[in-house]
Each structure stands twice: as C-alpha cells, then as structure tokens.
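Structure data (mmCIF, C-alpha atoms) from work_20.cif:
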data_structure
loop_
_atom_site.label_atom_id
_atom_site.label_comp_id
_atom_site.auth_asym_id
_atom_site.auth_seq_id
_atom_site.Cartn_x
_atom_site.Cartn_y
_atom_site.Cartn_z
CA MET A 9 0.00 0.00 0.00
CA THR A 10 1.36 3.40 -0.89
CA GLU A 11 0.45 6.80 0.37
CA THR A 12 -0.35 9.32 -2.35
CA SER A 13 -1.13 12.98 -2.35
CA ALA A 14 -4.60 14.44 -2.30
CA PRO A 15 -6.96 13.78 -5.21
CA GLY A 16 -6.29 16.10 -8.13
CA THR A 17 -2.59 16.48 -7.34
CA THR A 18 0.36 14.49 -8.56
CA GLY A 19 3.30 12.85 -6.85
CA THR A 20 3.72 11.43 -3.43
CA LEU A 21 3.74 12.91 0.00
CA PRO A 22 7.14 13.66 1.53
CA PRO A 23 8.47 11.20 4.10
CA LEU A 24 7.37 11.75 7.66
CA PRO A 25 9.86 11.87 10.50
CA PRO A 26 9.28 9.38 13.31
CA LEU A 27 6.56 10.24 15.80
CA PRO A 28 8.68 10.17 18.98
CA LEU A 29 6.15 8.62 21.34
CA ILE A 30 8.71 7.80 24.03
CA GLU A 31 10.36 11.22 23.98
CA LEU A 32 7.03 13.08 23.95
CA ALA A 33 5.44 11.02 26.72
CA PRO A 34 8.17 9.41 28.82
CA GLN A 35 5.77 8.96 31.74
CA ALA A 36 3.43 6.90 29.56
CA PHE A 37 6.32 4.74 28.36
CA ALA A 38 7.49 4.32 31.96
CA ALA A 39 3.99 3.09 32.84
CA VAL A 40 4.11 0.52 30.01
CA HIS A 41 7.54 -0.59 31.22
CA ALA A 42 6.25 -0.88 34.81
CA LEU A 43 3.31 -2.95 33.55
CA HIS A 44 5.76 -5.22 31.71
CA ALA A 45 7.80 -5.69 34.91
CA ALA A 46 4.67 -6.48 36.95
CA VAL A 47 3.42 -9.00 34.38
CA GLU A 48 6.87 -10.61 34.15
CA GLU A 49 7.07 -11.03 37.93
CA ALA A 50 3.52 -12.39 38.22
CA ALA A 51 3.96 -14.71 35.22
CA THR A 52 7.07 -16.20 36.79
CA ALA A 53 5.26 -16.62 40.10
CA ALA A 54 2.40 -18.34 38.23
CA GLY A 55 4.88 -20.86 36.81
CA LEU A 56 5.24 -19.70 33.21
CA GLU A 57 8.60 -20.54 31.72
CA PRO A 58 10.68 -17.59 30.48
CA LEU A 59 11.14 -19.30 27.09
CA LEU A 60 7.38 -19.72 26.63
CA LEU A 61 6.91 -16.01 27.35
CA GLU A 62 9.58 -15.14 24.77
CA LEU A 63 7.83 -17.30 22.16
CA VAL A 64 4.58 -15.47 22.92
CA ARG A 65 6.27 -12.08 22.61
CA LEU A 66 8.05 -13.08 19.43
CA ARG A 67 4.89 -14.42 17.78
CA CYS A 68 2.92 -11.27 18.64
CA SER A 69 5.76 -9.12 17.28
CA GLN A 70 5.76 -11.16 14.05
CA LEU A 71 2.01 -10.60 13.65
CA ASN A 72 2.41 -6.89 14.27
CA GLY A 73 5.32 -6.51 11.83
CA CYS A 74 7.57 -4.95 14.46
CA THR A 75 11.08 -5.69 13.20
CA TYR A 76 12.75 -4.18 16.27
CA CYS A 77 10.77 -6.43 18.62
CA VAL A 78 11.13 -9.51 16.39
CA ASP A 79 14.90 -9.06 16.54
CA LEU A 80 14.86 -8.40 20.30
CA HIS A 81 12.70 -11.42 21.18
CA THR A 82 14.48 -13.73 18.74
CA ALA A 83 17.75 -12.94 20.52
CA ALA A 84 16.13 -13.34 23.94
CA ALA A 85 14.62 -16.70 22.93
CA ARG A 86 18.01 -17.91 21.67
CA LYS A 87 19.60 -16.79 24.93
CA ALA A 88 16.92 -18.76 26.81
CA GLY A 89 17.87 -21.89 24.84
CA GLU A 90 15.51 -21.84 21.84
CA THR A 91 16.68 -23.62 18.68
CA ASP A 92 17.04 -22.04 15.27
CA GLU A 93 14.69 -24.66 13.82
CA ARG A 94 11.83 -23.72 16.12
CA LEU A 95 12.51 -20.01 15.74
CA GLY A 96 12.41 -20.40 11.97
CA LEU A 97 9.10 -22.26 12.12
CA LEU A 98 7.37 -20.17 14.77
CA ALA A 99 5.35 -18.28 12.16
CA ALA A 100 3.96 -21.67 11.03
CA TRP A 101 3.67 -23.26 14.47
CA ARG A 102 0.23 -24.74 13.73
CA GLU A 103 1.64 -26.64 10.74
CA SER A 104 4.86 -27.68 12.52
CA GLY A 105 3.53 -30.97 13.87
CA PRO A 106 5.00 -31.98 17.20
CA LEU A 107 7.80 -29.38 17.05
CA PHE A 108 5.83 -27.27 19.55
CA THR A 109 4.28 -28.83 22.64
CA PRO A 110 0.54 -28.78 23.37
CA ARG A 111 1.27 -26.21 26.10
CA GLU A 112 3.09 -23.99 23.59
CA HIS A 113 0.29 -24.46 21.04
CA ALA A 114 -2.24 -23.31 23.64
CA ALA A 115 -0.18 -20.27 24.66
CA LEU A 116 0.54 -19.25 21.07
CA ALA A 117 -3.12 -19.58 20.04
CA LEU A 118 -4.17 -17.42 22.99
CA ALA A 119 -1.48 -14.84 22.23
CA GLU A 120 -2.62 -14.68 18.60
CA ALA A 121 -6.24 -14.25 19.68
CA VAL A 122 -5.25 -11.39 21.98
CA THR A 123 -3.22 -9.79 19.18
CA ARG A 124 -5.75 -10.21 16.37
CA LEU A 125 -8.91 -9.71 18.44
CA PRO A 126 -10.83 -12.40 16.56
CA ASP A 127 -14.57 -12.85 16.65
CA HIS A 128 -15.89 -14.00 20.01
CA ALA A 129 -16.19 -17.66 18.99
CA GLU A 130 -12.56 -17.87 17.86
CA GLY A 131 -11.38 -16.04 20.97
CA ALA A 132 -13.42 -18.40 23.16
CA ARG A 133 -11.91 -21.45 21.41
CA ALA A 134 -8.39 -20.09 21.96
CA GLN A 135 -9.14 -19.37 25.62
CA ARG A 136 -10.73 -22.79 26.15
CA ALA A 137 -7.70 -24.52 24.58
CA ALA A 138 -5.30 -22.44 26.65
CA ARG A 139 -7.16 -23.22 29.86
CA ALA A 140 -7.04 -26.94 29.05
CA GLU A 141 -3.22 -26.84 28.92
CA LEU A 142 -2.39 -23.98 31.27
CA SER A 143 -3.63 -23.07 34.71
CA ASP A 144 -5.93 -20.06 34.84
CA PRO A 145 -3.13 -17.85 36.23
CA GLU A 146 -0.77 -19.08 33.51
CA ALA A 147 -3.36 -18.41 30.79
CA ALA A 148 -4.04 -14.98 32.28
CA PHE A 149 -0.38 -14.05 32.20
CA VAL A 150 0.06 -15.32 28.65
CA ALA A 151 -2.76 -12.93 27.73
CA TRP A 152 -1.13 -10.16 29.76
CA ALA A 153 2.27 -10.81 28.15
CA ALA A 154 0.65 -10.61 24.71
CA THR A 155 -1.15 -7.39 25.68
CA VAL A 156 2.05 -5.74 26.89
CA VAL A 157 4.15 -6.78 23.89
CA ASN A 158 1.38 -5.55 21.61
CA ALA A 159 1.67 -2.14 23.30
CA TYR A 160 5.46 -2.17 22.84
CA ASN A 161 5.02 -3.22 19.19
CA ARG A 162 2.67 -0.34 18.52
CA ILE A 163 5.03 2.13 20.19
CA ALA A 164 7.99 0.87 18.14
CA VAL A 165 6.09 0.72 14.83
CA THR A 166 4.62 4.20 15.33
CA SER A 167 7.95 5.70 16.43
CA ARG A 168 10.04 4.48 13.53
CA PRO A 169 10.57 6.65 10.47
CA VAL A 170 7.74 6.49 7.97
CA GLN A 171 9.12 5.71 4.51
CA ALA A 172 8.32 7.92 1.56
CA ALA A 173 5.45 6.58 -0.49
CA GLU A 174 6.09 5.46 -4.02
CA GLY A 175 4.12 7.16 -6.74
#

Write out the structure in this file as structure tokens.
Amino acid sequence: MTETSAPGTTGTLPPLPPLPLIELAPQAFAAVHALHAAVEEAATAAGLEPLLLELVRLRCSQLNGCTYCVDLHTAAARKAGETDERLGLLAAWRESGPLFTPREHAALALAEAVTRLPDHAEGARAQRAARAELSDPEAAFVAWAATVVNAYNRIAVTSRPVQAAEG
C-alpha cells in the first residue's frame, strides 16, 4: 500500500519523520515498562517458563510486523535456549507438527487471539484450549504478556521513520 497525495494532485507525500512517542510522553512509556515488569514477575510466580513467554512475545511481534521487537525477542529466545529450527518455524507453528508442545500451542493460540482480536467464537476457542493446557493464572499471564508486547510493538512501529510513499 502506498500513500499518495490528495486527489487532483500528482506525486507522493514527503516522508514523515518518526513520531517520537517515548520522547514526547516518557511517563506513559514508563507506565508501560512498569506494567511489563509487573506482568513478568507475576507470570514467573504463576509458573510460566521464560522461554514460553519469549515465544509469545516473538509471535505477537511477528504478527504486528515490528522488526525491532522480532529481533529483540528472537535474541532473547536464543539466549533462553531456543533452537534455530523452532525459531524459523514459529510463524507456522500450527503446521509444525510436534515441534511445539501442546502447552506452547495453547499459549501461542491465545497470544494470537489477543493480538488479532478475533470474533468471540474464535477467541473463546483459543481461551478454552489455553485453559485446558495452562492453569488459569498461567493463561491470564500469557494474555497479559501478549497485551504488553502488543503495546510495545505499537510504540515501536509508530515511532520508527515512515518511509516515503512510491508514486
């Protein structure tokens, strides 16, 4: 999709500089960061594995097209012991057979539902599947982790330079 000038004019609009969300509202970013820390602490207390949380964050970042966060969470997942094979197939986790565990399937489906905001039936199916594999606190913190990374993704995507549109 390209951005063009107003009807009746020719050419493309000039590139936009980044919208510096963090610099313009550092207190809001600090609140998002504090929320992340609180969710991380509670998720660990609920028994969620750090690697599972990184897979959730990475998958949400893939769906949101946030290259910064994809790179960040890929590196964090590798550091937590994730394999290149599974990282390479995360975008196709449903079709990856037994490469991902039932617990990971449930967490990833719930994270995708939180990210995509599907219709109520699809969201209910994802939640039901997650609650069959995860405890309610674990499922809740998968949803919270997805919510927080979605906020970070939107901050990063909005703050990056907007490329000039092609005419």

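One distance worth recording is that between atom CA of A:Ala138 and atom CA of A:Ala39, which is 27.9 Å.
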
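Coordinates place atom CA of A:Leu107 at a distance of 9.0 Å from atom CA of A:Glu93.
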
Worksheet item: Any idea what's packed within 12 Å of A:Arg162, counting only C-alpha atoms, ignoring anything in its chain fewer than 2 positions away? Could you give it as a PyMOL selection string?
Response: chain A and resi 27+29-30+37+40+68-69+71-77+123+155-160+164-168

Fill in: d(atom CA of A:Glu57, atom CA of A:Ala114) in Å
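Distance between the two atoms: 13.8 Å.
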
Item to complete: Have a look at A:Val47, A:Trp152, A:Ala88, A:Thr20 and name the one nearest to A:Val122; count all atoms listed in the file.
Response: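 Using all atoms listed in the file, the shortest distance to A:Val122 belongs to A:Trp152.
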
Evaluate the PyMOL selection byres ((chain A and resi 94) around 12) and report residues as a PDB file with C-alpha atoms, in the coordinates of the input:
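Heads up, here's the output in out-v8.pdb:
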ATOM      1  CA  LEU A  59      11.140 -19.300  27.090  1.00  0.00           C
ATOM      2  CA  LEU A  63       7.830 -17.300  22.160  1.00  0.00           C
ATOM      3  CA  LEU A  66       8.050 -13.080  19.430  1.00  0.00           C
ATOM      4  CA  ARG A  67       4.890 -14.420  17.780  1.00  0.00           C
ATOM      5  CA  THR A  82      14.480 -13.730  18.740  1.00  0.00           C
ATOM      6  CA  ALA A  85      14.620 -16.700  22.930  1.00  0.00           C
ATOM      7  CA  ARG A  86      18.010 -17.910  21.670  1.00  0.00           C
ATOM      8  CA  GLY A  89      17.870 -21.890  24.840  1.00  0.00           C
ATOM      9  CA  GLU A  90      15.510 -21.840  21.840  1.00  0.00           C
ATOM     10  CA  THR A  91      16.680 -23.620  18.680  1.00  0.00           C
ATOM     11  CA  ASP A  92      17.040 -22.040  15.270  1.00  0.00           C
ATOM     12  CA  GLU A  93      14.690 -24.660  13.820  1.00  0.00           C
ATOM     13  CA  LEU A  95      12.510 -20.010  15.740  1.00  0.00           C
ATOM     14  CA  GLY A  96      12.410 -20.400  11.970  1.00  0.00           C
ATOM     15  CA  LEU A  97       9.100 -22.260  12.120  1.00  0.00           C
ATOM     16  CA  LEU A  98       7.370 -20.170  14.770  1.00  0.00           C
ATOM     17  CA  ALA A  99       5.350 -18.280  12.160  1.00  0.00           C
ATOM     18  CA  ALA A 100       3.960 -21.670  11.030  1.00  0.00           C
ATOM     19  CA  TRP A 101       3.670 -23.260  14.470  1.00  0.00           C
ATOM     20  CA  ARG A 102       0.230 -24.740  13.730  1.00  0.00           C
ATOM     21  CA  GLU A 103       1.640 -26.640  10.740  1.00  0.00           C
ATOM     22  CA  SER A 104       4.860 -27.680  12.520  1.00  0.00           C
ATOM     23  CA  GLY A 105       3.530 -30.970  13.870  1.00  0.00           C
ATOM     24  CA  PRO A 106       5.000 -31.980  17.200  1.00  0.00           C
ATOM     25  CA  LEU A 107       7.800 -29.380  17.050  1.00  0.00           C
ATOM     26  CA  PHE A 108       5.830 -27.270  19.550  1.00  0.00           C
ATOM     27  CA  THR A 109       4.280 -28.830  22.640  1.00  0.00           C
ATOM     28  CA  GLU A 112       3.090 -23.990  23.590  1.00  0.00           C
TER      29      GLU A 112
END

Closest-contact table, stretch 54-130 of chain A side, partner stretch 140-146 of chain A, 7 Å, counting only C-alpha atoms, as JSON lines:
{"residue": "A:Ala54", "atom": "CA", "partner": "A:Glu146", "partner_atom": "CA", "distance": 5.7}
{"residue": "A:Gly55", "atom": "CA", "partner": "A:Glu146", "partner_atom": "CA", "distance": 6.8}
{"residue": "A:Leu56", "atom": "CA", "partner": "A:Glu146", "partner_atom": "CA", "distance": 6.0}
{"residue": "A:Pro110", "atom": "CA", "partner": "A:Glu141", "partner_atom": "CA", "distance": 7.0}
{"residue": "A:Arg111", "atom": "CA", "partner": "A:Glu141", "partner_atom": "CA", "distance": 5.3}
{"residue": "A:Ala114", "atom": "CA", "partner": "A:Glu141", "partner_atom": "CA", "distance": 6.4}

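Of the listed residues A:Val78, A:Ala147, A:Ala129, A:Ala84, the one whose atoms come nearest to A:Leu116 is A:Ala147, with distances taken using only C-alpha atoms.
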
Worksheet item: If you count only C-alpha atoms, which residues fall within 8 Å of A:Val150, apart from same-chain ones fewer than 6 positions away, as an MDAnalysis selection string?
Response: chainID A and resid 51 61 64 115 118:119
